[in-house]
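The data block below is final24.csv; it holds CSV, C-alpha atoms and all ligand atoms.
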```csv
chain,number,residue,atom,x,y,z
A,1,MET,CA,-20.1,-18.2,-1.7
A,2,SER,CA,-19.2,-15.4,-4.1
A,3,VAL,CA,-19.8,-11.7,-3.1
A,4,SER,CA,-19.5,-8.5,-5.1
A,5,TYR,CA,-17.5,-5.7,-3.5
A,6,LYS,CA,-20.4,-3.4,-4.2
A,7,GLU,CA,-22.5,-5.3,-1.7
A,8,LEU,CA,-19.8,-4.6,0.9
A,9,GLY,CA,-20.0,-0.8,0.2
A,10,LEU,CA,-16.5,-0.7,-1.3
A,11,VAL,CA,-15.4,1.2,-4.5
A,12,ASN,CA,-12.8,0.5,-7.2
A,13,THR,CA,-10.0,2.9,-7.7
A,14,ARG,CA,-11.1,4.5,-11.0
A,15,ASN,CA,-12.9,7.6,-9.7
A,16,MET,CA,-10.4,7.9,-6.8
A,17,PHE,CA,-7.4,8.1,-9.2
A,18,ALA,CA,-9.1,10.5,-11.7
A,19,LYS,CA,-9.7,12.9,-8.8
A,20,ALA,CA,-6.2,12.4,-7.4
A,21,ILE,CA,-4.5,13.2,-10.7
A,22,LYS,CA,-6.6,16.4,-11.1
A,23,GLY,CA,-6.1,17.4,-7.4
A,24,GLY,CA,-2.3,16.8,-7.3
A,25,TYR,CA,-2.3,14.3,-4.5
A,26,ALA,CA,-1.9,10.5,-4.0
A,27,VAL,CA,-4.4,8.1,-2.4
A,28,PRO,CA,-2.8,6.3,0.5
A,29,ALA,CA,-2.6,2.5,0.2
A,30,TYR,CA,-2.0,1.2,3.7
A,31,ASN,CA,-1.3,-2.5,4.3
A,32,PHE,CA,-3.0,-4.2,7.2
A,33,ASN,CA,-3.0,-7.6,8.8
A,34,ASN,CA,-5.1,-7.2,12.0
A,35,LEU,CA,-8.0,-5.4,13.6
A,36,GLU,CA,-6.0,-2.6,15.3
A,37,GLN,CA,-4.2,-1.6,12.1
A,38,LEU,CA,-7.6,-1.5,10.3
A,39,GLN,CA,-9.2,0.5,13.0
A,40,ALA,CA,-6.4,3.0,12.9
A,41,ILE,CA,-6.3,3.4,9.1
A,42,ILE,CA,-10.1,4.0,9.1
A,43,GLN,CA,-10.1,6.4,12.0
A,44,ALA,CA,-7.2,8.4,10.6
A,45,SER,CA,-8.8,8.6,7.1
A,46,VAL,CA,-12.1,9.7,8.5
A,47,GLU,CA,-10.5,12.3,10.7
A,48,THR,CA,-8.5,13.7,7.8
A,49,ASN,CA,-11.4,13.2,5.3
A,50,SER,CA,-9.2,11.2,3.0
A,51,PRO,CA,-10.1,8.4,0.5
A,52,VAL,CA,-8.2,5.2,1.4
A,53,ILE,CA,-7.0,1.9,-0.1
A,54,LEU,CA,-6.9,-1.0,2.3
A,55,GLN,CA,-4.2,-3.2,1.1
A,56,ILE,CA,-3.9,-6.9,1.7
A,57,SER,CA,-0.9,-9.1,0.6
A,58,LYS,CA,-1.3,-12.8,-0.1
A,59,GLY,CA,0.4,-13.5,3.2
A,60,ALA,CA,-1.9,-11.1,5.1
A,61,ARG,CA,-4.9,-12.8,3.6
A,62,GLN,CA,-3.7,-16.2,4.7
A,63,TYR,CA,-3.0,-14.7,8.2
A,64,ALA,CA,-6.4,-13.0,8.6
A,65,ASN,CA,-8.5,-15.6,6.8
A,66,ALA,CA,-10.4,-14.7,3.6
A,67,THR,CA,-13.9,-15.0,5.1
A,68,ILE,CA,-13.0,-12.9,8.2
A,69,LEU,CA,-11.4,-10.3,5.9
A,70,ARG,CA,-14.6,-9.9,3.9
A,71,TYR,CA,-16.5,-8.9,7.0
A,72,MET,CA,-13.6,-6.8,8.2
A,73,ALA,CA,-13.8,-4.8,5.0
A,74,MET,CA,-17.6,-4.5,5.4
A,75,GLY,CA,-17.0,-3.5,9.0
A,76,ALA,CA,-14.5,-0.8,7.9
A,77,VAL,CA,-17.2,0.8,5.7
A,78,GLY,CA,-19.7,0.8,8.5
A,79,TYR,CA,-17.1,2.1,11.0
A,80,ALA,CA,-16.2,5.0,8.8
A,81,LYS,CA,-19.9,6.0,8.6
A,82,GLU,CA,-20.3,5.6,12.4
A,83,LEU,CA,-17.3,7.9,12.8
A,84,GLY,CA,-19.1,10.5,10.7
A,85,LYS,CA,-17.8,10.3,7.1
A,86,ALA,CA,-18.6,7.8,4.4
A,87,ILE,CA,-15.1,8.2,2.8
A,88,PRO,CA,-14.4,6.1,-0.3
A,89,ILE,CA,-12.8,2.8,0.7
A,90,THR,CA,-11.1,0.3,-1.7
A,91,LEU,CA,-10.1,-3.3,-0.7
A,92,HIS,CA,-7.0,-4.1,-2.9
A,93,LEU,CA,-4.9,-7.2,-3.3
A,94,ASP,CA,-1.2,-6.2,-3.1
A,95,HIS,CA,1.3,-8.1,-5.3
A,96,GLY,CA,-1.1,-10.8,-6.6
A,97,ASP,CA,1.1,-13.5,-8.0
A,98,SER,CA,-1.3,-15.6,-10.0
A,99,TYR,CA,-4.5,-15.5,-12.1
A,100,GLU,CA,-6.2,-17.9,-9.6
A,101,LEU,CA,-5.5,-15.7,-6.6
A,102,CYS,CA,-6.9,-12.7,-8.3
A,103,VAL,CA,-10.1,-14.5,-9.3
A,104,ASN,CA,-10.4,-15.8,-5.7
A,105,CYS,CA,-10.0,-12.3,-4.3
A,106,ILE,CA,-12.6,-10.8,-6.7
A,107,GLU,CA,-15.0,-13.6,-5.7
A,108,SER,CA,-14.5,-12.8,-2.1
A,109,GLY,CA,-15.2,-9.0,-2.3
A,110,PHE,CA,-12.0,-7.2,-3.4
A,111,SER,CA,-12.7,-4.1,-5.4
A,112,SER,CA,-9.2,-3.8,-6.9
A,113,ILE,CA,-6.3,-6.1,-7.5
A,114,MET,CA,-2.7,-6.0,-8.4
A,115,ILE,CA,-1.2,-8.6,-10.7
A,116,ASP,CA,2.5,-8.5,-10.3
A,117,GLY,CA,4.2,-9.9,-13.4
A,118,SER,CA,7.2,-7.7,-13.0
A,119,HIS,CA,9.6,-10.7,-12.6
A,120,LEU,CA,8.4,-12.1,-15.9
A,121,SER,CA,9.6,-11.2,-19.4
A,122,PHE,CA,7.8,-8.2,-20.9
A,123,ALA,CA,5.8,-10.6,-23.2
A,124,ASP,CA,4.8,-12.9,-20.4
A,125,ASN,CA,3.9,-10.0,-18.1
A,126,ILE,CA,1.5,-8.7,-20.8
A,127,ILE,CA,-0.1,-12.2,-21.3
A,128,LEU,CA,-0.7,-12.7,-17.5
A,129,THR,CA,-1.8,-9.1,-16.8
A,130,LYS,CA,-4.2,-9.1,-19.7
A,131,LYS,CA,-5.8,-12.4,-18.7
A,132,VAL,CA,-6.4,-10.9,-15.2
A,133,VAL,CA,-7.7,-7.6,-16.6
A,134,ASP,CA,-10.2,-9.4,-18.9
A,135,TYR,CA,-11.6,-11.2,-15.9
A,136,ALA,CA,-11.6,-8.3,-13.5
A,137,HIS,CA,-13.2,-5.8,-15.8
A,138,LYS,CA,-16.2,-8.1,-16.2
A,139,TYR,CA,-16.9,-7.4,-12.5
A,140,ASP,CA,-15.9,-3.7,-12.6
A,141,VAL,CA,-12.8,-4.4,-10.5
A,142,SER,CA,-9.8,-2.2,-11.2
A,143,VAL,CA,-6.3,-3.7,-11.9
A,144,GLU,CA,-2.8,-2.5,-11.2
A,145,GLY,CA,0.1,-3.9,-13.2
A,146,GLU,CA,3.9,-3.5,-12.7
A,147,LEU,CA,6.8,-2.8,-14.9
A,148,GLY,CA,10.3,-2.8,-13.5
A,149,VAL,CA,11.5,-4.6,-10.4
A,150,LEU,CA,11.9,-3.2,-6.9
A,151,ALA,CA,14.6,-4.7,-4.7
A,152,GLY,CA,13.5,-6.5,-1.5
A,153,ILE,CA,10.8,-9.0,-0.7
A,154,GLU,CA,7.5,-8.7,-2.5
A,155,ASP,CA,5.6,-11.4,-0.6
A,156,GLU,CA,6.9,-14.6,-2.2
A,157,VAL,CA,8.4,-12.7,-5.1
A,158,SER,CA,11.9,-11.8,-3.9
A,159,SER,CA,14.5,-9.8,-5.7
A,160,GLU,CA,18.0,-8.9,-4.7
A,161,HIS,CA,18.5,-6.2,-7.3
A,162,SER,CA,16.1,-3.6,-8.7
A,163,HIS,CA,15.9,-2.6,-12.3
A,164,TYR,CA,14.2,0.7,-13.1
A,165,THR,CA,11.2,0.8,-15.3
A,166,ASP,CA,12.0,1.4,-19.0
A,167,PRO,CA,9.8,4.3,-20.1
A,168,SER,CA,9.9,3.1,-23.7
A,169,GLU,CA,7.8,0.0,-22.6
A,170,VAL,CA,5.0,1.6,-20.7
A,171,GLN,CA,2.8,2.7,-23.5
A,172,GLU,CA,2.8,-0.7,-25.2
A,173,PHE,CA,2.2,-2.4,-21.8
A,174,VAL,CA,-0.9,-0.3,-21.0
A,175,LYS,CA,-2.3,-0.6,-24.5
A,176,GLN,CA,-1.9,-4.3,-24.7
A,177,THR,CA,-3.2,-5.1,-21.2
A,178,SER,CA,-5.8,-2.3,-20.5
A,179,VAL,CA,-4.6,-2.0,-16.9
A,180,ASP,CA,-6.1,0.8,-14.8
A,181,SER,CA,-2.9,1.8,-13.1
A,182,LEU,CA,0.8,1.0,-13.4
A,183,ALA,CA,3.4,0.5,-10.6
A,184,ILE,CA,6.9,1.6,-11.6
A,185,SER,CA,10.4,1.3,-10.2
A,186,ILE,CA,12.2,4.6,-9.7
A,187,GLY,CA,14.5,3.7,-6.8
A,188,THR,CA,12.3,2.7,-3.9
A,189,SER,CA,12.4,-0.8,-2.4
A,190,HIS,CA,10.3,-2.8,0.0
A,191,GLY,CA,11.1,-3.1,3.7
A,192,ALA,CA,12.9,-1.1,6.4
A,193,TYR,CA,16.4,-1.1,4.8
A,194,LYS,CA,16.0,0.8,1.6
A,195,PHE,CA,19.3,2.4,1.1
A,196,LYS,CA,22.9,1.6,2.3
A,197,VAL,CA,24.0,5.0,3.7
A,198,LYS,CA,26.6,5.8,6.4
A,199,PRO,CA,25.4,7.9,9.4
A,200,GLY,CA,25.0,11.6,8.3
A,201,GLU,CA,24.9,10.7,4.6
A,202,SER,CA,21.7,11.5,2.7
A,203,VAL,CA,19.9,8.9,0.7
A,204,PRO,CA,20.1,9.0,-3.1
A,205,PRO,CA,17.1,10.8,-4.7
A,206,LEU,CA,14.4,8.9,-6.5
A,207,ARG,CA,14.7,8.8,-10.3
A,208,PHE,CA,12.2,11.6,-11.0
A,209,ASP,CA,13.7,11.7,-14.5
A,210,ILE,CA,12.2,8.3,-15.2
A,211,LEU,CA,8.9,9.3,-13.7
A,212,THR,CA,8.7,12.4,-16.0
A,213,GLU,CA,9.5,10.2,-19.0
A,214,VAL,CA,6.7,7.8,-18.0
A,215,GLU,CA,4.3,10.7,-17.6
A,216,LYS,CA,5.1,12.0,-21.1
A,217,CYS,CA,4.4,8.5,-22.6
A,218,LEU,CA,1.2,8.1,-20.6
A,219,PRO,CA,-0.4,11.5,-20.1
A,220,GLY,CA,-3.0,11.5,-17.3
A,221,PHE,CA,-2.5,7.8,-16.5
A,222,PRO,CA,-2.4,6.7,-12.8
A,223,ILE,CA,1.1,5.7,-11.6
A,224,VAL,CA,1.7,3.8,-8.4
A,225,LEU,CA,4.7,4.0,-6.1
A,226,HIS,CA,5.6,0.9,-4.0
A,227,GLY,CA,8.1,0.7,-1.2
A,228,ALA,CA,7.3,4.2,-0.1
A,229,SER,CA,7.7,4.0,3.7
A,230,SER,CA,9.9,6.7,5.2
A,231,VAL,CA,11.1,4.4,8.0
A,232,LEU,CA,10.6,7.2,10.5
A,233,PRO,CA,13.7,7.5,12.8
A,234,GLU,CA,11.7,8.1,15.9
A,235,TYR,CA,10.2,4.6,15.7
A,236,VAL,CA,13.5,2.9,14.8
A,237,SER,CA,15.1,4.6,17.9
A,238,LEU,CA,12.2,3.5,20.1
A,239,ILE,CA,12.6,-0.1,18.8
A,240,ASN,CA,16.3,-0.1,19.5
A,241,LYS,CA,15.9,1.6,22.9
A,242,TYR,CA,13.5,-1.1,24.1
A,243,GLY,CA,15.3,-4.2,23.1
A,244,GLY,CA,15.1,-4.3,19.3
A,245,ALA,CA,17.9,-4.5,16.9
A,246,MET,CA,17.3,-2.5,13.7
A,247,GLU,CA,20.5,-0.7,12.9
A,248,ASN,CA,20.8,1.1,9.6
A,249,ALA,CA,17.1,1.1,8.9
A,250,VAL,CA,16.4,3.9,6.4
A,251,GLY,CA,13.5,4.9,4.1
A,252,VAL,CA,12.3,7.4,1.5
A,253,PRO,CA,12.4,11.1,2.7
A,254,GLU,CA,8.9,12.5,3.0
A,255,GLU,CA,9.6,15.5,0.8
A,256,GLN,CA,10.4,13.2,-2.1
A,257,LEU,CA,7.1,11.4,-1.6
A,258,ARG,CA,5.2,14.7,-1.5
A,259,LYS,CA,6.9,15.7,-4.7
A,260,ALA,CA,5.9,12.4,-6.3
A,261,ALA,CA,2.3,12.7,-5.0
A,262,LYS,CA,1.9,16.0,-6.9
A,263,SER,CA,2.7,14.2,-10.2
A,264,ALA,CA,1.0,11.3,-12.0
A,265,VAL,CA,1.7,9.2,-8.9
A,266,CYS,CA,-1.8,8.8,-7.5
A,267,LYS,CA,-1.3,5.7,-5.2
A,268,ILE,CA,1.5,5.5,-2.6
A,269,ASN,CA,2.0,2.2,-0.8
A,270,VAL,CA,3.0,2.1,2.9
A,271,ASP,CA,3.4,-1.1,4.9
A,272,SER,CA,6.7,-1.0,6.8
A,273,ASP,CA,6.0,2.3,8.6
A,274,GLY,CA,2.8,0.8,10.1
A,275,ARG,CA,4.8,-2.2,11.3
A,276,LEU,CA,7.5,0.0,12.8
A,277,ALA,CA,5.2,2.3,14.7
A,278,PHE,CA,3.2,-0.6,16.0
A,279,THR,CA,6.3,-2.6,17.1
A,280,ALA,CA,7.9,0.5,18.7
A,281,LYS,CA,4.9,1.3,20.8
A,282,VAL,CA,4.2,-2.3,21.9
A,283,ARG,CA,7.9,-2.6,22.9
A,284,GLU,CA,7.7,0.7,24.8
A,285,TYR,CA,4.5,-0.3,26.6
A,286,LEU,CA,5.7,-3.7,27.7
A,287,ALA,CA,9.2,-2.4,28.7
A,288,LYS,CA,7.6,0.2,30.9
A,289,ASP,CA,4.9,-2.0,32.5
A,290,ALA,CA,6.2,-5.5,33.1
A,291,GLU,CA,3.1,-6.5,34.9
A,292,GLU,CA,0.5,-5.8,32.2
A,293,PHE,CA,-0.8,-8.8,30.3
A,294,ASP,CA,-4.1,-7.4,28.8
A,295,PRO,CA,-3.5,-7.1,25.0
A,296,ARG,CA,-6.0,-4.3,24.8
A,297,LYS,CA,-3.6,-2.1,26.8
A,298,TYR,CA,-0.5,-2.5,24.7
A,299,LEU,CA,-2.3,-3.0,21.3
A,300,GLY,CA,-4.5,0.0,22.1
A,301,PHE,CA,-1.4,2.1,22.9
A,302,ALA,CA,0.1,1.1,19.5
A,303,ARG,CA,-3.2,1.7,17.7
A,304,SER,CA,-3.3,5.3,19.0
A,305,GLU,CA,0.2,6.0,17.6
A,306,LEU,CA,-0.8,4.5,14.2
A,307,VAL,CA,-3.8,6.9,14.0
A,308,LYS,CA,-1.4,9.8,14.6
A,309,MET,CA,1.1,8.6,12.0
A,310,TYR,CA,-1.5,7.9,9.3
A,311,LYS,CA,-3.1,11.3,9.8
A,312,ALA,CA,0.3,13.0,9.5
A,313,LYS,CA,0.9,11.1,6.3
A,314,ASN,CA,-2.5,12.0,4.8
A,315,GLU,CA,-1.9,15.6,5.6
A,316,ASN,CA,1.8,16.1,4.9
A,317,VAL,CA,2.9,13.4,2.5
A,318,MET,CA,0.0,12.1,0.4
A,319,GLY,CA,-1.9,15.4,0.3
A,320,SER,CA,-5.1,13.4,0.3
A,321,ALA,CA,-6.6,15.1,3.5
A,322,GLY,CA,-9.8,16.9,2.6
A,323,HIS,CA,-10.5,14.9,-0.5
A,324,GLY,CA,-12.7,12.2,0.9
A,325,VAL,CA,-16.3,13.3,0.6
A,401,LIG,O1,5.0,-5.4,-0.7
A,401,LIG,C1,5.0,-6.2,0.3
A,401,LIG,C2,4.2,-5.8,1.5
A,401,LIG,O2,4.9,-5.1,2.4
A,401,LIG,C3,3.5,-7.1,2.0
A,401,LIG,O3,4.4,-7.8,2.9
A,401,LIG,O4,4.0,-10.2,2.2
A,401,LIG,O5,5.0,-9.6,4.4
A,401,LIG,O6,2.6,-9.2,3.9
A,401,LIG,P1,4.0,-9.3,3.4
A,402,LIG,P1,7.1,-0.4,2.3
A,402,LIG,O1,7.9,-1.7,2.7
A,402,LIG,O2,8.1,0.7,1.9
A,402,LIG,O3,6.1,0.0,3.3
A,402,LIG,O4,6.3,-0.7,0.9
A,402,LIG,C1,5.1,-1.4,1.0
A,402,LIG,C2,4.6,-1.8,-0.4
A,402,LIG,O5,5.0,-1.4,-1.4
A,402,LIG,C3,3.4,-2.7,-0.4
A,402,LIG,O6,3.1,-3.1,-1.7
A,403,ZN,ZN,4.8,-3.4,-3.0
```

Please lay out the structure from this file as structure tokens.
Ligand code: G3H
Ligand code: 13P
Ligand code: ZN
Amino acid sequence: MSVSYKELGLVNTRNMFAKAIKGGYAVPAYNFNNLEQLQAIIQASVETNSPVILQISKGARQYANATILRYMAMGAVGYAKELGKAIPITLHLDHGDSYELCVNCIESGFSSIMIDGSHLSFADNIILTKKVVDYAHKYDVSVEGELGVLAGIEDEVSSEHSHYTDPSEVQEFVKQTSVDSLAISIGTSHGAYKFKVKPGESVPPLRFDILTEVEKCLPGFPIVLHGASSVLPEYVSLINKYGGAMENAVGVPEEQLRKAAKSAVCKINVDSDGRLAFTAKVREYLAKDAEEFDPRKYLGFARSELVKMYKAKNENVMGSAGHGV
């Protein structure tokens, strides 16, 4: 049975992005896979009065089940109201890898989708993205495309090496496809090991020169930054302290993300930081209380930490706090 996102109380990203560009902030796009992550994202967004994009990868959708997910999204809208603020909430497909998957998500209540043709040739990326846009726009669903390749694992699309977005291609891509936003590659990558640096060395800065060029070619157009977790050292340390093994995990410094959020970047994707905080706190709880076997105890403990982390991101990194309703 097909359902429109409008019936679920969700919104597409168009208005969100227009406001974010004017206001000099980015809308947070947080990936989730389970109930506790979703609860934390909504609570943090309500408490900071921030718009939010709930992001689901193909793998997350398989994990959670598409039908359950539809009701979780509807539940998220209701939960935000119950907490006191009807903030704008988008349900977005992250790294859609086929036309069929995008159609299926739109039919099951997604209000925004990404079609990731970044691994294809420029011409084939345009053909696939345009086909998805033509379908999505009939249902008022917004579409994110991607140009340039991020290193790391993008769901089933895996790439060992990145290549930066070529600013000379962006205008043509947007014109030919009519996408609503564009993800670009300026030095970020997916996962918890973003840069190879020795202890004490600082990470290489993002390629703001490319971002500036892209902005010149597409004035006022919404740009998206993937691979934007900061891989917060406190969580990596906790993981390692309580039995984990995550040596050399490193992410994008928060100041660089804040700088990007003030530009045309109006959507910033964060997945790994949520995974790290959650894992760190579950490990800590179980290490300290070997007798506990009620999942509500250790998952609830991890959920509280997530709320804290997402609130801090909305306030200090995205700049989206206060821009909800
Ligand atoms: O960009 C990729 C996201 O972090 C999703 O990861 O495919 O493991 O759910 P996943
Ligand atoms: P991180 O792995 O840096 O959290 O990136 C997530 C992402 O880009 C999801 O699309
Ligand atoms: Zn991504």

Open item on the list: Within 12 Å of (3.1, -1.8, 23.3) in the file's own coordinates, which protein, DNA or RNA residues have an atom, counting only C-alpha atoms? List them as number ranges by chain.
Closed with: A: 238-239, 242, 276-290, 292-306

Write the residues of the selection above to a file with C-alpha atoms, as an mmCIF file, in the coordinates of the input.
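Printed below is selection.cif as written:
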```cif
data_model
loop_
_atom_site.group_PDB
_atom_site.id
_atom_site.type_symbol
_atom_site.label_atom_id
_atom_site.label_comp_id
_atom_site.auth_asym_id
_atom_site.auth_seq_id
_atom_site.Cartn_x
_atom_site.Cartn_y
_atom_site.Cartn_z
ATOM 1 C CA LEU A 238 12.200 3.500 20.100
ATOM 2 C CA ILE A 239 12.600 -0.100 18.800
ATOM 3 C CA TYR A 242 13.500 -1.100 24.100
ATOM 4 C CA LEU A 276 7.500 0.000 12.800
ATOM 5 C CA ALA A 277 5.200 2.300 14.700
ATOM 6 C CA PHE A 278 3.200 -0.600 16.000
ATOM 7 C CA THR A 279 6.300 -2.600 17.100
ATOM 8 C CA ALA A 280 7.900 0.500 18.700
ATOM 9 C CA LYS A 281 4.900 1.300 20.800
ATOM 10 C CA VAL A 282 4.200 -2.300 21.900
ATOM 11 C CA ARG A 283 7.900 -2.600 22.900
ATOM 12 C CA GLU A 284 7.700 0.700 24.800
ATOM 13 C CA TYR A 285 4.500 -0.300 26.600
ATOM 14 C CA LEU A 286 5.700 -3.700 27.700
ATOM 15 C CA ALA A 287 9.200 -2.400 28.700
ATOM 16 C CA LYS A 288 7.600 0.200 30.900
ATOM 17 C CA ASP A 289 4.900 -2.000 32.500
ATOM 18 C CA ALA A 290 6.200 -5.500 33.100
ATOM 19 C CA GLU A 292 0.500 -5.800 32.200
ATOM 20 C CA PHE A 293 -0.800 -8.800 30.300
ATOM 21 C CA ASP A 294 -4.100 -7.400 28.800
ATOM 22 C CA PRO A 295 -3.500 -7.100 25.000
ATOM 23 C CA ARG A 296 -6.000 -4.300 24.800
ATOM 24 C CA LYS A 297 -3.600 -2.100 26.800
ATOM 25 C CA TYR A 298 -0.500 -2.500 24.700
ATOM 26 C CA LEU A 299 -2.300 -3.000 21.300
ATOM 27 C CA GLY A 300 -4.500 0.000 22.100
ATOM 28 C CA PHE A 301 -1.400 2.100 22.900
ATOM 29 C CA ALA A 302 0.100 1.100 19.500
ATOM 30 C CA ARG A 303 -3.200 1.700 17.700
ATOM 31 C CA SER A 304 -3.300 5.300 19.000
ATOM 32 C CA GLU A 305 0.200 6.000 17.600
ATOM 33 C CA LEU A 306 -0.800 4.500 14.200
#
```

Task: Distance criterion (only C-alpha atoms and all ligand atoms): nearest to ligand LIG 402 (chain A) out of A:Asn49, A:Ser121, A:Thr177, A:Asn269 - done: A:Asn269

Find the nearest atom pair between each residue of chain A and ligand LIG 402 (chain A) for residues within 8 Å, count all atoms listed in the file, give distances in Å to one decimal, sort rows by chain and ascending number, and present the table as CSV.
```
residue,atom,partner,partner_atom,distance
A:Ala29,CA,A:LIG402,C3,8.0
A:Tyr30,CA,A:LIG402,C3,7.8
A:Asn31,CA,A:LIG402,C3,6.6
A:Gln55,CA,A:LIG402,C3,7.8
A:Ser57,CA,A:LIG402,O6,7.6
A:Asp94,CA,A:LIG402,O6,5.5
A:His95,CA,A:LIG402,O6,6.4
A:Glu154,CA,A:LIG402,O6,7.2
A:Thr188,CA,A:LIG402,O2,7.4
A:Ser189,CA,A:LIG402,O2,6.3
A:His190,CA,A:LIG402,O1,3.8
A:Gly191,CA,A:LIG402,O1,3.6
A:Ala192,CA,A:LIG402,O1,6.2
A:Lys194,CA,A:LIG402,O2,7.9
A:Leu225,CA,A:LIG402,O5,7.2
A:His226,CA,A:LIG402,O5,3.5
A:Gly227,CA,A:LIG402,O2,3.1
A:Ala228,CA,A:LIG402,O2,4.1
A:Ser229,CA,A:LIG402,O2,3.8
A:Ser230,CA,A:LIG402,O2,7.1
A:Val231,CA,A:LIG402,O2,7.7
A:Gly251,CA,A:LIG402,O2,7.2
A:Val252,CA,A:LIG402,O2,7.9
A:Ile268,CA,A:LIG402,O5,7.8
A:Asn269,CA,A:LIG402,O5,4.7
A:Val270,CA,A:LIG402,O3,3.8
A:Asp271,CA,A:LIG402,O3,3.3
A:Ser272,CA,A:LIG402,O3,3.7
A:Asp273,CA,A:LIG402,O3,5.8
A:Gly274,CA,A:LIG402,O3,7.6
```

Task: For Ile184 (chain A), the nearest of the candidates A:Gly243, A:Pro204, A:Gly117, A:Gly220, counting only C-alpha atoms - done: A:Gly117

- [ ] Identify which of the residues A:Met72, A:Ala44, A:Ile89, A:Ala26 lies closest to Lys308 (chain A), counting all atoms listed in the file when measuring atom-to-atom distances.
- [x]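 Closest residue, counting all atoms listed in the file: A:Ala44.
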
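Between CA of Gly84 (chain A) and CA of Ser45 (chain A) the interatomic distance comes to 11.1 Å.
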
Task: Contacts of Leu211 (chain A) at 9 Å (all atoms listed in the file; same-chain gap of 2+ positions) as an NGL selection string - done: :A and (165 or 167 or 184-186 or 207-209 or 213-216 or 223 or 260 or 263-265)

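Take the candidates A:Lys175, A:His92, A:Lys196, A:Lys22 and check each one against ligand LIG 401 (chain A) using all atoms listed in the file; the shortest distance goes to A:His92.
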
Open item on the list: Around the point (-12.5, -10.9, 6.2) (coordinates from the file), which residues reach within 12 Å if we count all atoms listed in the file? Answer as number ranges by chain.
Closed with: A: 3, 8, 32-35, 38, 56, 60-76, 91, 105, 108-110

TODO: In Å, rounded to a single decimal, give me how far CA of Leu128 (chain A) is from CA of Val52 (chain A).
DONE: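 That distance, rounded to one decimal, is 27.1 Å.
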
Open item on the list: Neighbouring residues of Tyr99 (chain A) were defined as those with any atom within 8 Å, considering all atoms listed in the file; residues of the same chain fewer than 5 positions away were excluded. Please report them as a list in words.
Closed with: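 That gives Ile115, Leu128, Lys131 and Val132 of chain A.
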
Task: Distance criterion (only C-alpha atoms and all ligand atoms): nearest to ligand LIG 401 (chain A) out of A:Ile210, A:His163, A:Gly59, A:Asp116 - done: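 Nearest to ligand LIG 401 (chain A): A:Gly59.
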
I want to know what sits within 8 Å of Val307 (chain A), based on only C-alpha atoms, with residues of the same chain fewer than 6 positions away left out; could you give that as a compact mmCIF listing (two decimals) with C-alpha atoms, keeping the file's coordinate frame?
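What landed in around_36.txt:
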```txt
# COMPACT_ATOMS: atom_id res chain seq x y z
CA ALA A 40 -6.40 3.00 12.90
CA ILE A 41 -6.30 3.40 9.10
CA GLN A 43 -10.10 6.40 12.00
CA ALA A 44 -7.20 8.40 10.60
```
